[in-house]
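Structure record follows, encoded as C-alpha cells.
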Protein chains: 2
Amino acid sequence: MKNAVGREIPEEILKLTGKDVYRGSHYFDGKEFKKDGPVTKPVINSNGSKLVDSIHDVLVKCGIKDGMRLGFHHHFRTGDKVLNMVMEEVHKMGIKNITLCASSLGKQNDPILPMIEDGTITNIESSGVRGSIGTAISEGKLQGLAIMRSHGGRVRAIETGEAHVDISFIGAPTSDEYGNLNANGGKANCGVLSYSAVDAQFADKVVAVTDTLVPFPNLPAQITQTYVDYVVVVDQIGDPSKIATGAAKPTTDQRKLLMAKYCTDFVVQTPYFKEGFSYQTGVGGASIASTLYLAEIMREKNIHMGFGVGGIAKPMCDLLDEGLIYKLVDTQDFDEPSIENIQRNPNHFYITGGEYANPFNKGAYVNKLDFVILAALEVDTHFNCNVVVGSDGVITGAQGGHPDTAAGAKCTIVIAPIMQGRMPTICSDVTTVTTPGEDVDVVVTDYGIAINPRRQDLIEATKDAKLPLKTIEELRDIAYSITGEPERVQFSDRVVGIIEARDGTIMDVVRQIKDFEFKDE
Amino acid sequence: MKNAVGREIPEEILKLTGKDVYRGSHYFDGKEFKKDGPVTKPVINSNGSKLVDSIHDVLVKCGIKDGMRLGFHHHFRTGDKVLNMVMEEVHKMGIKNITLCASSLGKQNDPILPMIEDGTITNIESSGVRGSIGTAISEGKLQGLAIMRSHGGRVRAIETGEAHVDISFIGAPTSDEYGNLNANGGKANCGVLSYSAVDAQFADKVVAVTDTLVPFPNLPAQITQTYVDYVVVVDQIGDPSKIATGAAKPTTDQRKLLMAKYCTDFVVQTPYFKEGFSYQTGVGGASIASTLYLAEIMREKNIHMGFGVGGIAKPMCDLLDEGLIYKLVDTQDFDEPSIENIQRNPNHFYITGGEYANPFNKGAYVNKLDFVILAALEVDTHFNCNVVVGSDGVITGAQGGHPDTAAGAKCTIVIAPIMQGRMPTICSDVTTVTTPGEDVDVVVTDYGIAINPRRQDLIEATKDAKLPLKTIEELRDIAYSITGEPERVQFSDRVVGIIEARDGTIMDVVRQIKDFEFKDE
C-alpha cells in the first residue's frame with residue numbers, strides 16, 4: 001500500500017507490525033487515545049534503600065526473561081558503558097529474543113554485535129544506528145525488525161503502550177540510595193537525562209545505574225525516586241572524554257560558510273525573524289556558522305531570541321550568556337560548555353524528550369519553534385529528506401529530532417551541499433524517506449536556495465531579497481550535471497527495518513542490501 | 001466485616017464501593033498493579049495557543065456532562081476562588097451528578113452547598129471538609145458518598161484509575177498561553193502546586209485557570225505544557241490575604257509549651273536523633289514550639305537535620321536559612337515566609353503530592369522520615385487516631401498527610417492534650433479511625449507520654465531518661481477522671497462517608513448524625 005510520501009509499504013509488514021501507512025504529518029492531530037501505564041510495584045515500607053549489588057542481581061530481581069523489551073538512553077553518547085554492561089550480563093544469563101529500545105545506538109555499542117548474531121537481541125528500536133550494528137541490520141543479521149523512531153516518536157511509542165518497556169536501565173551521573181537521579185555532577189556528567197524521562201514514567205521496572213552514589217535526597221533531581229525500583233553502583237557508567245567532546249571549532253570550510261550565509265540571509269527575510277523568535281539548530285559546521293551569522297544580525301537589529309530548543313552546543317550557550325537568547329530548553333548536551341552552562345545559567349532549562357518532541361502529548365516544544373535548521377544525507381525534489389540510510393543503502397544515521405522539529409517549526413530549513421563525495425545530495429528520490437517533504441520548507445545548498453512550492457508565503461516574503469533562489473529541480477539538475485544521475489541502490493526483497501513516522505505509522509522501509517556491493521561497480 | 005482496626009464495615013458499603021476492608025498498613029507492600037492512563041488529545045500543530053475565553057467555553061470544549069469527576073487543588077486554601085467559580089458555571093449549565101475530587105475542601109467552598117442539595121454535586125472525594133459542607137454531609141444531604149482520602153491516598157486513587165478524573169481545573173498563579181504553570185509569582189502566589197501534579201498527569205482534560213498570563217515559556221514550571229489542554233484567564237483565582245496567613249506567633253499557652261517540651265525531650269532520646277535525621281511537623285502551636293525546642297538542642301549538639309518534609313511554615317524555613325536543616329521538600333506552604341523562602345532558598349524544593357505520600361509508587365518521601373509530629377482530635381487506647389470527625393460526630397477535619405506520614409515515619413509522635421473543652425481527647429475508642437494505631441508510636445499529652453507497646457525498642461531507648469512515661473490507659477483514665485466517661489455519639493444507620501485508608505481499603509465509615517443533637521444532653 002502506498003503512503004502519503006508515495007512509498008510502497010508491503011502488506012506483510014503492515015500485517016506483521018499492525019501498523020498503518022503514513023497518511024500525513026497532522027493526521028492524528030486531535031485524535032484521542034488512552035495512555036499506557038506501567039505495572040508498578042509499590043514500596044510501602046521504611047527500609048529505605050533500593051541498592052542492589054550487581055547488574056546480575058538486579059536482572060534477577062526484575063524477573064528478566066526471554067522476549068523482554070529493555071530501555072536505554074544515549075546521553076553518554078560514544079562514551080556510554082551502561083548498555084553494553086547490561087547486555088553482557090543478559091547474554092551471560094542465556095536470555096534470548098530481547099527487544100532493545102534505546103533512544104539511540106552508535107559505534108560504542110559494537111560489542112553487542114555477537115548478541116544480534118546469536119539471537120540474544122532479535123529486535124532493535126532506536127532513533128538510528130551508527131557503526132557496525134547499522135551494517136549488521138542492513139546485512140540482514142537481525143532476526144526481527146529494526147524500527148527507527150524519532151526522539152518524539154519513541155516517547156509516543158512508549159506512552160501509547162505500543163512499545164511497553166519491561167525494564168529500563170538509566171545511567172545516572174548521580175543517584176542516592178532511593179533513586180533520585182541527576183545528570184549533573186559525578187564522573188559522567190551529561191547535562192540532562194531527557195530521553196530517560198519516559199522510561200522512568202512508563203517502564204515496569206526502572207533500574208538506575210550509577211558510579212556516583214550521593215547522600216539522600218539527591219535534589220534537584222531530573223528523575224525522582226517514585227519512578228525507580230533499584231539502584232546499582234558500578235565502577236564507571238561513561239567515559240567523560242567521549243560523552244561530550246570539546247566545543248567544535250568554527251568551520252573554515254568555504255562551502256559550509258557559504259551555505260551558512262545563505263541560510264541566515266533567508267532567515268532574516270522571513271516574517272518569523274522578530275523580537276522573541278524561537279530557534280533550533282544542529283551542531284554541524286554550517287549550522288553553527290549560520291547561528292554565528294544570525295547573532296551578528298540580532299545584535300545589529302537588537303532582536304532577541306525568546307527561546308532556543310534542542311540538542312545544545314556552545315554557540316547557543318554563548319548567546320544565552322550574552323543575553324541575546326532569553327531561555328534555552330535542553331534535551332541533550334553535545335559539548336562540555338553546554339553541560340557546564342546548564343549547571344550555571346539559571347535560564348538554561350532541562351526538559352524531557354516528551355516535552356521536546358512527542359507528537360502525542362498536549363503540545364511539545366517543537367510546536368512552538370519558528371525556525372529549525374537541519375542537515376540531511378539526501379533531499380529529493382519532493383523535499384523529502386533522508387537522514388538514516390546512506391546512499392549505499394546501509395543504515396548509518398539516526399532520525400533524532402529531525403522529523404519532530406520539521407513538523408513543528410513554522411520554517412524548516414535543511415542545509416545540505418548539493419553533493420557529498422561523488423554522490424548527489426539533492427536527488428529525484430531519496431533512498432529512504434525519514435522526514436516528509438510536506439514538513440520541509442526550505443533547502444539551502446552551496447548552489448542556491450529552494451523554497452517548497454507549498455510555502456507561497458515564504459516565496460512571496462523573500463522574492464525581493466536578492467537571494468540565490470532556485471527550484472529544487474534546478475538544484476538537482478546541477479548536482480546530476482556534476483555527479484551524473486546515480487543508479488538507484490539495489491536491495492534484496494527482505495525488509496530489515498522500518499522508518500517509523502513520529503505518529504507511529506510507516507514512512508518507509510529499509511531492505512537488506514544485496515551481495516554487500518553494487519551490481520554496477 | 002471487621003477490619004484490622006476492629007471497625008465493622010457494612011457489607012452493602014463494600015458492595016457499593018467495590019472496596020475491601022483495611023487489612024493493615026503494609027498489606028499492599030510489593031503487590032503489583034497497572035497504572036491508569038488518561039485519554040489524551042494530541043496537539044500536532046503549531047497554532048500555538050491554548051487560550052479559551054471563559055470557564056463556560058472551556059467546559060463546553062471539555063465536553064462537560066452529567067456524572068463526571070472534576071479535580072481541584074486547595075493550595076489557595078481559604079482564599080480559593082477557582083472551585084466555586086467553576087462549579088457555579090457547571091451549575092448554571094444544569095449539569096448533575098458531579099463527583100468533586102478535591103485535594104481538600106473548606107469553608108471557602110460554602111457557596112457550593114446549594115449544589116449538594118440540588119444534586120449538581122452527588123459525590124465528594126476530599127482529604128476532608130471543614131465548614132458547612134462537612135455539616136451537610138454529616139446531616140445526610142449528599143446523595144452519594146463522601147470519601148475522605150489522605151493526600152497520598154488521593155494520588156493513589158487517581159493513579160490506579162479508581163478515581164479517573166474527567167476534567168481537572170488547576171488554579172495557577174502564573175501560566176503562559178501553552179500551559180506551563182508555576183505557583184510562584186502572579187497575584188495568588190501559593191508556593192507550590194504539589195497536589196495538582198497527579199491531576200495534570202492523569203486527568204483526561206486539564207484546564208489551567210490563571211489571573212496572570214506570562215510570556216512563553218513560563219520556566220521553571222511546576223506543571224508543564226504537555227499536560228495542559230486549555231488555559232483560561234480570569235480576574236482573580238485567589239485572595240492572597242487568605243492563601244497564606246502571616247507566620248503564626250509562637251504560642252504562650254503553657255499546656256502547649258509543656259507538651260512541646262515533652263515531645264522534644266522524647267525525640268532526642270531516640271536513636272533516630274542524630275546527624276542527618278529527617279523530620280516533619282505541623283503548624284499547630286505545640287508542633288511549632290517543639291521544633292523551636294529541638295533547634296536549641298540541635299545547635300547545642302551540632303546535629304543537623306538532613307531534610308525536612310511536608311507542609312512547610314516559617315520555623316522550618318528559618319532553620320533552613322540558619323543551616324540547621326540541609327534541605328526542605330515542600331508540598332504545601334502554610335504562611336507567607338515559606339512561600340517567600342521557596343523562591344529564594346535553593347535548598348527548598350518543590351515536590352509533588354505523589355512524591356510526598358503516595359503509598360502506591362516506588363517509594364514516597366514519607367518512607368524516609370525519621371520523625372513526624374502530628375496532632376489529633378482523638379487518640380484511643382489502641383493508639384488509633386481520629387482527625388476527621390469531631391467528637392460530636394460531625395465531619396470537621398481532614399486526613400491531610402496524617403496517615404501517610406504516620407505509616408512512613410520511623411517514629412510517629414502525636415501531640416494532644418488529654419482533653420479539649422470538656423471532651424476527652426485520649427479515649428477508649430475514637431469516634432472514627434483515620435490513622436491506625438499500628439502506625440502511631442508515641443502519644444505526648446500534657447499529663448505524660450505513652451509509648452505504643454508495639455515499640456519495645458522505643459520503650460527501651462527512653463526508659464532511663466526521666467520522661468513522664470505513662471501507659472495510654474493511664475492517660476485515658478486521667479482524662480476520664482476529669483471529664484467523666486463520655487457517652488458514645490449516636491448515629492443513624494445511614495453511611496454518609498468513608499474514611500479511606502491510604503491504600504484504598506476502608507478504615508472506617510461515617511454515619512449520618514441523629515436529630516442534630518445528643519440524646520443525653
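Residue numbering restarts at 1 for every chain of the C-alpha cells, chains are lettered A, B, ... in their displayed order, and ligands are numbered from 1 as they appear.
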
*Polymer residues at most 8 Å from stretch 73-90 of chain A, only C-alpha atoms, same-chain spacing of 5 or more positions, as a count of residues only*: 35

*Find the residues of chain B in contact range of chain A, meaning any atom within 8 Å when counting only C-alpha atoms, and list them as a PyMOL selection string.*
chain B and resi 26+28-48+178+217+219-220+224-229+307+349+354-355+359-364+367-368+408-410

Hey, can you spit out that residue selection with N, CA and C atoms as a compact mmCIF listing (two decimals), in the first residue's frame?
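Generated output (selection23.txt):
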```txt
# COMPACT_ATOMS: atom_id res chain seq x y z
N HIS B 26 0.79 -2.28 55.82
CA HIS B 26 1.76 -2.71 54.81
C HIS B 26 1.21 -3.81 53.91
N PHE B 28 -0.35 -3.96 51.17
CA PHE B 28 -0.13 -3.90 49.71
C PHE B 28 1.34 -3.69 49.33
N ASP B 29 2.22 -3.71 50.31
CA ASP B 29 3.64 -3.51 50.01
C ASP B 29 4.11 -4.56 49.00
N GLY B 30 4.59 -4.09 47.86
CA GLY B 30 5.12 -5.01 46.86
C GLY B 30 4.09 -5.69 45.98
N LYS B 31 2.80 -5.38 46.18
CA LYS B 31 1.76 -6.02 45.34
C LYS B 31 1.57 -5.19 44.07
N GLU B 32 1.95 -5.77 42.95
CA GLU B 32 1.95 -5.03 41.69
C GLU B 32 0.55 -4.68 41.19
N PHE B 33 0.45 -3.55 40.53
CA PHE B 33 -0.81 -3.15 39.86
C PHE B 33 -0.43 -2.39 38.60
N LYS B 34 -1.39 -2.26 37.70
CA LYS B 34 -1.11 -1.50 36.47
C LYS B 34 -1.68 -0.09 36.62
N LYS B 35 -0.83 0.89 36.39
CA LYS B 35 -1.27 2.29 36.50
C LYS B 35 -2.26 2.65 35.40
N ASP B 36 -3.14 3.54 35.72
CA ASP B 36 -4.10 4.09 34.77
C ASP B 36 -3.38 5.06 33.82
N GLY B 37 -4.07 5.44 32.77
CA GLY B 37 -3.57 6.50 31.89
C GLY B 37 -4.74 7.33 31.44
N PRO B 38 -4.49 8.60 31.19
CA PRO B 38 -5.59 9.46 30.75
C PRO B 38 -5.91 9.27 29.27
N VAL B 39 -7.12 9.63 28.89
CA VAL B 39 -7.45 9.76 27.47
C VAL B 39 -6.91 11.12 27.03
N THR B 40 -5.97 11.08 26.11
CA THR B 40 -5.21 12.28 25.77
C THR B 40 -5.50 12.70 24.34
N LYS B 41 -5.65 13.99 24.16
CA LYS B 41 -5.91 14.54 22.82
C LYS B 41 -4.63 15.21 22.33
N PRO B 42 -3.96 14.58 21.37
CA PRO B 42 -2.66 15.12 20.94
C PRO B 42 -2.79 16.47 20.23
N VAL B 43 -1.80 17.30 20.46
CA VAL B 43 -1.71 18.58 19.75
C VAL B 43 -0.51 18.49 18.80
N ILE B 44 -0.83 18.29 17.51
CA ILE B 44 0.23 18.17 16.49
C ILE B 44 0.07 19.31 15.51
N ASN B 45 0.10 20.50 16.02
CA ASN B 45 0.02 21.65 15.12
C ASN B 45 0.76 22.81 15.78
N SER B 46 0.97 23.83 15.02
CA SER B 46 1.78 24.93 15.52
C SER B 46 0.94 26.18 15.73
N ASN B 47 -0.34 25.98 15.99
CA ASN B 47 -1.22 27.13 16.19
C ASN B 47 -0.80 27.93 17.41
N GLY B 48 -0.32 27.21 18.42
CA GLY B 48 0.45 27.90 19.44
C GLY B 48 -0.27 28.42 20.65
N TYR B 178 0.49 28.40 26.60
CA TYR B 178 0.60 26.99 26.23
C TYR B 178 0.52 26.07 27.45
N PRO B 217 8.27 30.78 27.12
CA PRO B 217 7.87 29.71 28.01
C PRO B 217 8.01 30.11 29.49
N LEU B 219 9.08 29.37 32.47
CA LEU B 219 10.01 28.43 33.09
C LEU B 219 10.78 29.11 34.22
N PRO B 220 11.11 28.38 35.30
CA PRO B 220 10.75 26.99 35.55
C PRO B 220 9.24 26.82 35.74
N THR B 224 3.89 21.23 33.38
CA THR B 224 4.33 21.66 32.06
C THR B 224 3.25 21.50 31.00
N GLN B 225 3.47 22.21 29.91
CA GLN B 225 2.54 22.33 28.79
C GLN B 225 2.03 21.02 28.25
N THR B 226 2.83 19.97 28.36
CA THR B 226 2.45 18.71 27.73
C THR B 226 1.25 18.07 28.42
N TYR B 227 0.89 18.57 29.60
CA TYR B 227 -0.24 18.02 30.34
C TYR B 227 -1.47 18.90 30.30
N VAL B 228 -1.38 20.09 29.74
CA VAL B 228 -2.47 21.06 29.85
C VAL B 228 -3.19 21.22 28.50
N ASP B 229 -4.52 21.04 28.53
CA ASP B 229 -5.31 21.19 27.30
C ASP B 229 -5.66 22.65 27.01
N PHE B 307 16.93 16.47 56.07
CA PHE B 307 15.86 17.11 55.32
C PHE B 307 14.59 17.18 56.14
N PHE B 349 12.86 22.74 48.12
CA PHE B 349 12.46 22.12 46.86
C PHE B 349 10.96 21.82 46.80
N GLY B 354 2.45 13.11 45.06
CA GLY B 354 2.82 11.70 44.91
C GLY B 354 4.20 11.42 45.48
N GLU B 355 5.14 12.29 45.19
CA GLU B 355 6.48 12.12 45.74
C GLU B 355 6.43 12.20 47.26
N PRO B 359 1.27 5.92 48.60
CA PRO B 359 1.77 4.62 49.02
C PRO B 359 2.01 3.66 47.86
N PHE B 360 1.44 3.97 46.69
CA PHE B 360 1.50 3.02 45.57
C PHE B 360 2.51 3.43 44.51
N ASN B 361 3.50 4.23 44.86
CA ASN B 361 4.60 4.41 43.92
C ASN B 361 5.83 3.68 44.47
N LYS B 362 6.97 3.94 43.85
CA LYS B 362 8.14 3.14 44.21
C LYS B 362 8.88 3.68 45.43
N GLY B 363 8.20 4.51 46.20
CA GLY B 363 8.80 5.00 47.43
C GLY B 363 8.64 6.49 47.60
N ALA B 364 7.73 6.90 48.47
CA ALA B 364 7.47 8.32 48.71
C ALA B 364 8.40 8.85 49.80
N ASN B 367 8.28 7.63 53.44
CA ASN B 367 9.01 6.41 53.80
C ASN B 367 10.38 6.70 54.41
N LYS B 368 10.90 7.89 54.12
CA LYS B 368 12.25 8.22 54.55
C LYS B 368 12.26 9.11 55.80
N GLY B 408 4.74 6.10 57.28
CA GLY B 408 6.09 6.16 56.76
C GLY B 408 7.17 6.36 57.80
N ALA B 409 6.89 7.20 58.80
CA ALA B 409 7.95 7.62 59.71
C ALA B 409 8.39 6.49 60.64
N LYS B 410 9.66 6.52 60.98
CA LYS B 410 10.19 5.52 61.91
C LYS B 410 9.69 5.80 63.33
```

Report the residues of stretch 77-112 of chain A whose backbone DSSP state falls under alpha helix (DSSP H), written as a PDB file with N, CA, C and O atoms, in the first residue's frame.
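Result went into selection.pdb, see below:
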```
ATOM      1  N   VAL A  82      26.833   1.710  29.855  1.00  0.00           N
ATOM      2  CA  VAL A  82      25.727   1.036  30.545  1.00  0.00           C
ATOM      3  C   VAL A  82      25.074  -0.032  29.672  1.00  0.00           C
ATOM      4  O   VAL A  82      24.872  -1.164  30.113  1.00  0.00           O
ATOM      5  N   LEU A  83      24.752   0.312  28.450  1.00  0.00           N
ATOM      6  CA  LEU A  83      24.045  -0.635  27.583  1.00  0.00           C
ATOM      7  C   LEU A  83      24.864  -1.917  27.399  1.00  0.00           C
ATOM      8  O   LEU A  83      24.353  -3.026  27.585  1.00  0.00           O
ATOM      9  N   ASN A  84      26.131  -1.760  27.081  1.00  0.00           N
ATOM     10  CA  ASN A  84      26.963  -2.951  26.864  1.00  0.00           C
ATOM     11  C   ASN A  84      27.084  -3.786  28.135  1.00  0.00           C
ATOM     12  O   ASN A  84      27.021  -5.019  28.097  1.00  0.00           O
ATOM     13  N   MET A  85      27.251  -3.093  29.255  1.00  0.00           N
ATOM     14  CA  MET A  85      27.404  -3.754  30.554  1.00  0.00           C
ATOM     15  C   MET A  85      26.165  -4.602  30.892  1.00  0.00           C
ATOM     16  O   MET A  85      26.279  -5.754  31.315  1.00  0.00           O
ATOM     17  N   VAL A  86      25.001  -4.032  30.684  1.00  0.00           N
ATOM     18  CA  VAL A  86      23.759  -4.750  30.982  1.00  0.00           C
ATOM     19  C   VAL A  86      23.573  -5.909  30.003  1.00  0.00           C
ATOM     20  O   VAL A  86      23.272  -7.040  30.394  1.00  0.00           O
ATOM     21  N   MET A  87      23.792  -5.620  28.721  1.00  0.00           N
ATOM     22  CA  MET A  87      23.554  -6.659  27.710  1.00  0.00           C
ATOM     23  C   MET A  87      24.545  -7.809  27.845  1.00  0.00           C
ATOM     24  O   MET A  87      24.212  -8.962  27.580  1.00  0.00           O
ATOM     25  N   GLU A  88      25.748  -7.500  28.277  1.00  0.00           N
ATOM     26  CA  GLU A  88      26.733  -8.552  28.513  1.00  0.00           C
ATOM     27  C   GLU A  88      26.215  -9.538  29.563  1.00  0.00           C
ATOM     28  O   GLU A  88      26.334 -10.757  29.424  1.00  0.00           O
ATOM     29  N   GLU A  89      25.603  -8.990  30.617  1.00  0.00           N
ATOM     30  CA  GLU A  89      25.083  -9.847  31.683  1.00  0.00           C
ATOM     31  C   GLU A  89      23.850 -10.616  31.212  1.00  0.00           C
ATOM     32  O   GLU A  89      23.691 -11.809  31.519  1.00  0.00           O
ATOM     33  N   VAL A  90      22.993  -9.939  30.443  1.00  0.00           N
ATOM     34  CA  VAL A  90      21.820 -10.609  29.868  1.00  0.00           C
ATOM     35  C   VAL A  90      22.277 -11.789  29.014  1.00  0.00           C
ATOM     36  O   VAL A  90      21.716 -12.890  29.070  1.00  0.00           O
ATOM     37  N   HIS A  91      23.314 -11.550  28.240  1.00  0.00           N
ATOM     38  CA  HIS A  91      23.888 -12.568  27.353  1.00  0.00           C
ATOM     39  C   HIS A  91      24.414 -13.753  28.146  1.00  0.00           C
ATOM     40  O   HIS A  91      24.107 -14.907  27.862  1.00  0.00           O
ATOM     41  N   LYS A  92      25.165 -13.424  29.188  1.00  0.00           N
ATOM     42  CA  LYS A  92      25.717 -14.471  30.069  1.00  0.00           C
ATOM     43  C   LYS A  92      24.626 -15.350  30.658  1.00  0.00           C
ATOM     44  O   LYS A  92      24.820 -16.539  30.893  1.00  0.00           O
TER      45      LYS A  92
END
```

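DSSP annotation of stretch 140-269 of chain A from backbone atoms: strand (DSSP E) residues are Ala146, Ile147, Met148, Ile167, Ser168, Phe169, Ile170, Gly171, Ala172, Thr174, Ser175, Leu181, Asn182, Lys205, Val206, Val207, Ala208, Val209, Thr210, Tyr230, Val231, Val232 and Val233 of chain A.
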
Convert the current residue selection to file output with C-alpha atoms, as a PDB file, in the first residue's frame.
```
ATOM      1  CA  ALA A 146      14.841  -2.612  13.337  1.00  0.00           C
ATOM      2  CA  ILE A 147      12.406   0.212  13.970  1.00  0.00           C
ATOM      3  CA  MET A 148      13.858   3.662  13.580  1.00  0.00           C
ATOM      4  CA  ILE A 167      12.922  -2.965  32.277  1.00  0.00           C
ATOM      5  CA  SER A 168      14.697   0.297  31.673  1.00  0.00           C
ATOM      6  CA  PHE A 169      18.273   0.967  32.701  1.00  0.00           C
ATOM      7  CA  ILE A 170      19.036   4.595  33.339  1.00  0.00           C
ATOM      8  CA  GLY A 171      22.674   5.510  33.500  1.00  0.00           C
ATOM      9  CA  ALA A 172      22.701   8.265  36.097  1.00  0.00           C
ATOM     10  CA  THR A 174      24.469  10.816  40.341  1.00  0.00           C
ATOM     11  CA  SER A 175      21.942   8.864  42.390  1.00  0.00           C
ATOM     12  CA  LEU A 181      18.808  10.830  39.682  1.00  0.00           C
ATOM     13  CA  ASN A 182      20.639  13.746  38.238  1.00  0.00           C
ATOM     14  CA  LYS A 205      10.896  -1.801  36.196  1.00  0.00           C
ATOM     15  CA  VAL A 206      13.333   1.054  36.361  1.00  0.00           C
ATOM     16  CA  VAL A 207      16.954   0.469  37.311  1.00  0.00           C
ATOM     17  CA  ALA A 208      19.318   3.329  37.971  1.00  0.00           C
ATOM     18  CA  VAL A 209      22.933   2.513  37.179  1.00  0.00           C
ATOM     19  CA  THR A 210      25.386   4.974  38.676  1.00  0.00           C
ATOM     20  CA  TYR A 230      16.526  -0.336  42.094  1.00  0.00           C
ATOM     21  CA  VAL A 231      19.896   1.372  42.192  1.00  0.00           C
ATOM     22  CA  VAL A 232      23.105  -0.395  41.160  1.00  0.00           C
ATOM     23  CA  VAL A 233      26.502   1.144  41.741  1.00  0.00           C
TER      24      VAL A 233
END
```

*Name the residues in contact with A:Thr245 at a cut-off of 9 Å, using only C-alpha atoms, excluding same-chain residues fewer than 5 positions from it; report them as a count of residues only.*
4

*Work out how far atom CA of B:Ile513 is from atom CA of B:Gln490, in Å to one decimal.*
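Straight-line distance from atom CA of B:Gln490 to atom CA of B:Ile513 works out to 7.1 Å.
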
_Between atom CA of A:Arg130 and atom CA of A:Pro486, distance in Å (one decimal)_ =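 Straight-line distance from atom CA of A:Arg130 to atom CA of A:Pro486 works out to 23.8 Å.
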
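Our summary of the geometry notes that atom CA of A:Ser150 is positioned 29.3 Å from atom CA of A:Leu258.
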
*So which residues touch A:Asn123 within 7 Å, counting only C-alpha atoms, skipping near sequence neighbours fewer than 5 positions away, as a PyMOL selection string?*
chain A and resi 98-100+142+144-146

Given the selection you just returned, output its residues as a file containing C-alpha atoms, formatted as a JSON list (two decimals), in the first residue's frame.
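This is the output file again.json:
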```json
[["chain", "number", "residue", "atom", "x", "y", "z"],
["A", 98, "ILE", "CA", 15.38, -9.25, 23.58],
["A", 99, "THR", "CA", 13.99, -6.09, 22.01],
["A", 100, "LEU", "CA", 16.44, -3.22, 22.54],
["A", 142, "LEU", "CA", 18.86, -9.17, 12.94],
["A", 144, "GLY", "CA", 13.38, -9.40, 13.67],
["A", 145, "LEU", "CA", 12.98, -5.81, 12.62],
["A", 146, "ALA", "CA", 14.84, -2.61, 13.34]]
```

Tell me, counting only C-alpha atoms, for each residue of stretch 296-383 of chain A within 6 Å of stretch 424-442 of chain A, which pair of atoms is nearest and how far apart they are in Å to one decimal, in rows ordered by chain and increasing number, as a Markdown table.
```
| residue | atom | partner | partner_atom | distance |
| --- | --- | --- | --- | --- |
| A:Glu378 | CA | A:Thr425 | CA | 4.5 |
| A:Val379 | CA | A:Ile426 | CA | 5.0 |
| A:Asp380 | CA | A:Cys427 | CA | 4.6 |
| A:Thr381 | CA | A:Ser428 | CA | 5.3 |
| A:His382 | CA | A:Gly437 | CA | 5.6 |
| A:Phe383 | CA | A:Gly437 | CA | 4.0 |
```
